[in-house]
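Engineer: Input: one structure, supplied below.
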Amino acid sequence: MAFREKSAWVMMVVMILTGGFYLATVAQDPGAPVLVAVLPYVLMVVLASIVAQVALAIWSPREASAPADERERMVADRASRWSSTVMEVGVVMAGAAYLAFPNGNMLFHHAIFALIIAQIVNYAMQIALLRRSF
């Protein structure tokens with residue numbers, strides 16, 4: 001398995017776990033101030049990402065320092081296009097939910113959920129495209 005694929009797997013797991021934490025935090029008290037849910041989520045994502053990427057780099061330092069080749073750059077671009085579409089749809093859906101239930105905090109949370117799901121899709125698409133033979 002290539003380093004970029006390992007990285008995508010690890011980051012997808014990080015996003016799923018931290019996204020679940022964020023969802024649970026918001027579900028407990030949807031009316032709580034936004035920072036009550038966002039601050040711990042952001043700290044968890046940053047710390048987990050750093051620890052995971054450092055561990056991967058220590059495990060295979062030569063691959064970690066190698067620049068992305070042409071195929072890996074193309075895969076990243078395609079995955080980014082898919083995740084951008086997911087993000088766009090998610091934000092439009094958040095806006096529609098706001099029209100139905102005008103609550104600014106929930107609009108923010110819906111937008112963050114759209115971002116989390118878009119990142120998960122990005123990593124999943126990278127994995128799928130890296131495994132696909134051209």
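Lettering and numbering for the structure tokens are positional, with chains as A, B, ... in the shown order, residues counted from 1 in each chain, and ligands counted from 1 in the shown order.
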Compile the contact shell of range 115-117 of chain A as a ChimeraX atom specification: residues with an atom at most 10 Å away, counting only C-alpha atoms, same-chain residues fewer than 2 positions apart removed.
Structural biologist: /A:12,15-16,18-20,22,83-84,86-88,90-91,109-113,119-122
Engineer: Given the selection you just returned, output its residues as a file containing N, CA and C atoms, formatted as a compact mmCIF listing (two decimals), in the first residue's frame.
Structural biologist:
# COMPACT_ATOMS: atom_id res chain seq x y z
N MET A 12 -9.17 9.39 7.02
CA MET A 12 -10.60 9.10 6.93
C MET A 12 -11.10 8.57 8.28
N MET A 15 -11.34 11.49 10.68
CA MET A 15 -12.52 12.32 10.41
C MET A 15 -13.81 11.64 10.83
N ILE A 16 -13.90 10.34 10.64
CA ILE A 16 -15.11 9.61 11.06
C ILE A 16 -15.25 9.65 12.57
N THR A 18 -13.77 11.71 14.86
CA THR A 18 -13.97 13.06 15.40
C THR A 18 -15.32 13.63 14.96
N GLY A 19 -15.76 13.28 13.76
CA GLY A 19 -17.09 13.71 13.31
C GLY A 19 -18.18 13.09 14.16
N GLY A 20 -18.01 11.84 14.55
CA GLY A 20 -18.95 11.19 15.45
C GLY A 20 -18.98 11.88 16.81
N TYR A 22 -18.25 15.04 17.33
CA TYR A 22 -18.92 16.33 17.12
C TYR A 22 -20.43 16.14 17.05
N SER A 83 -15.42 15.76 -3.63
CA SER A 83 -15.70 16.28 -2.29
C SER A 83 -16.23 17.72 -2.35
N SER A 84 -15.80 18.49 -3.33
CA SER A 84 -16.33 19.84 -3.50
C SER A 84 -17.82 19.80 -3.83
N VAL A 86 -19.91 17.43 -2.94
CA VAL A 86 -20.58 17.04 -1.70
C VAL A 86 -20.70 18.24 -0.77
N MET A 87 -19.65 19.03 -0.67
CA MET A 87 -19.67 20.22 0.18
C MET A 87 -20.72 21.21 -0.31
N GLU A 88 -20.77 21.43 -1.61
CA GLU A 88 -21.74 22.37 -2.17
C GLU A 88 -23.17 21.93 -1.86
N GLY A 90 -24.14 19.93 0.52
CA GLY A 90 -24.34 20.01 1.96
C GLY A 90 -24.63 21.42 2.44
N VAL A 91 -23.94 22.39 1.90
CA VAL A 91 -24.17 23.78 2.30
C VAL A 91 -25.54 24.26 1.81
N HIS A 109 -23.74 24.34 12.53
CA HIS A 109 -23.47 22.91 12.72
C HIS A 109 -23.70 22.13 11.43
N HIS A 110 -24.76 22.46 10.72
CA HIS A 110 -25.02 21.77 9.45
C HIS A 110 -23.89 22.02 8.45
N ALA A 111 -23.39 23.24 8.42
CA ALA A 111 -22.28 23.56 7.51
C ALA A 111 -21.02 22.78 7.91
N ILE A 112 -20.76 22.68 9.21
CA ILE A 112 -19.61 21.90 9.68
C ILE A 112 -19.78 20.43 9.32
N PHE A 113 -21.00 19.90 9.48
CA PHE A 113 -21.24 18.50 9.10
C PHE A 113 -21.00 18.31 7.61
N GLN A 119 -14.91 15.93 3.58
CA GLN A 119 -13.54 15.43 3.80
C GLN A 119 -13.50 13.91 3.80
N ILE A 120 -14.50 13.29 4.40
CA ILE A 120 -14.55 11.83 4.39
C ILE A 120 -14.67 11.32 2.96
N VAL A 121 -15.51 11.97 2.16
CA VAL A 121 -15.65 11.59 0.74
C VAL A 121 -14.33 11.79 0.01
N ASN A 122 -13.63 12.88 0.30
CA ASN A 122 -12.34 13.15 -0.34
C ASN A 122 -11.38 11.99 -0.08
Engineer: Leaving out Met11 in chain A and any residue of its chain fewer than 6 positions from it, which residues lie within 10 Å of it when counting only C-alpha atoms, given as a list in words?
Structural biologist: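 What passes the distance filter is Glu5, Leu17, Val45, Ala48, Ser49, Ala52, Gln53, Gln119, Ile120, Tyr123 and Ala124 of chain A.
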Engineer: Leaving out Val26 in chain A and any residue of its chain fewer than 2 positions from it, which residues lie within 10 Å of it when counting only C-alpha atoms, given as JSON, numbers by chain?
Structural biologist: {"A": [20, 21, 22, 23, 24, 28, 29, 30, 31, 32, 33, 34, 36, 37, 38, 105, 106, 109]}
Engineer: Filtering to C-alpha atoms, could you give me those residues as a JSON list (two decimals), in the first residue's frame?
Structural biologist:
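Okay, selection.json is ready:
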[["chain", "number", "residue", "atom", "x", "y", "z"],
["A", 20, "GLY", "CA", -18.95, 11.19, 15.45],
["A", 21, "PHE", "CA", -17.72, 13.01, 18.55],
["A", 22, "TYR", "CA", -18.92, 16.33, 17.12],
["A", 23, "LEU", "CA", -22.31, 14.83, 16.22],
["A", 24, "ALA", "CA", -22.70, 13.40, 19.74],
["A", 28, "GLN", "CA", -26.64, 16.36, 23.50],
["A", 29, "ASP", "CA", -27.39, 20.09, 23.47],
["A", 30, "PRO", "CA", -28.23, 21.59, 20.06],
["A", 31, "GLY", "CA", -28.84, 25.01, 21.63],
["A", 32, "ALA", "CA", -25.43, 25.24, 23.31],
["A", 33, "PRO", "CA", -22.98, 27.91, 22.18],
["A", 34, "VAL", "CA", -21.14, 26.90, 19.01],
["A", 36, "VAL", "CA", -18.74, 24.26, 23.12],
["A", 37, "ALA", "CA", -18.80, 21.75, 20.26],
["A", 38, "VAL", "CA", -16.37, 23.29, 17.78],
["A", 105, "ASN", "CA", -26.35, 27.71, 15.62],
["A", 106, "MET", "CA", -27.86, 24.81, 13.70],
["A", 109, "HIS", "CA", -23.47, 22.91, 12.72]]
Engineer: Take CA of Arg62 in chain A and CA of Trp9 in chain A and report the distance between them in Å, one decimal.
Structural biologist: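 That distance, rounded to one decimal, is 18.8 Å.
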Engineer: So which one's closest to Tyr41 in chain A, A:Ser60, A:Thr25, A:Ser80, A:Thr85? Using only C-alpha atoms, please.
Structural biologist: A:Thr25
Engineer: Given only C-alpha atoms as the basis, pick out the residue of A:Ile50, A:Val75, A:Val13, A:Ala114 nearest to Val92 in chain A.
Structural biologist: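 Using only C-alpha atoms, the shortest distance to Val92 in chain A belongs to A:Ala114.
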Engineer: Under the rule that only C-alpha atoms are counted, which of A:Val14, A:Ala128, A:Met1, A:Ala27 is the nearest residue to Arg78 in chain A?
Structural biologist: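 Of all the options, A:Ala128 lies closest to Arg78 in chain A.
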Engineer: So how many Å separate CA of Arg131 in chain A and CA of Ala66 in chain A, to one decimal?
Structural biologist: 19.1 Å
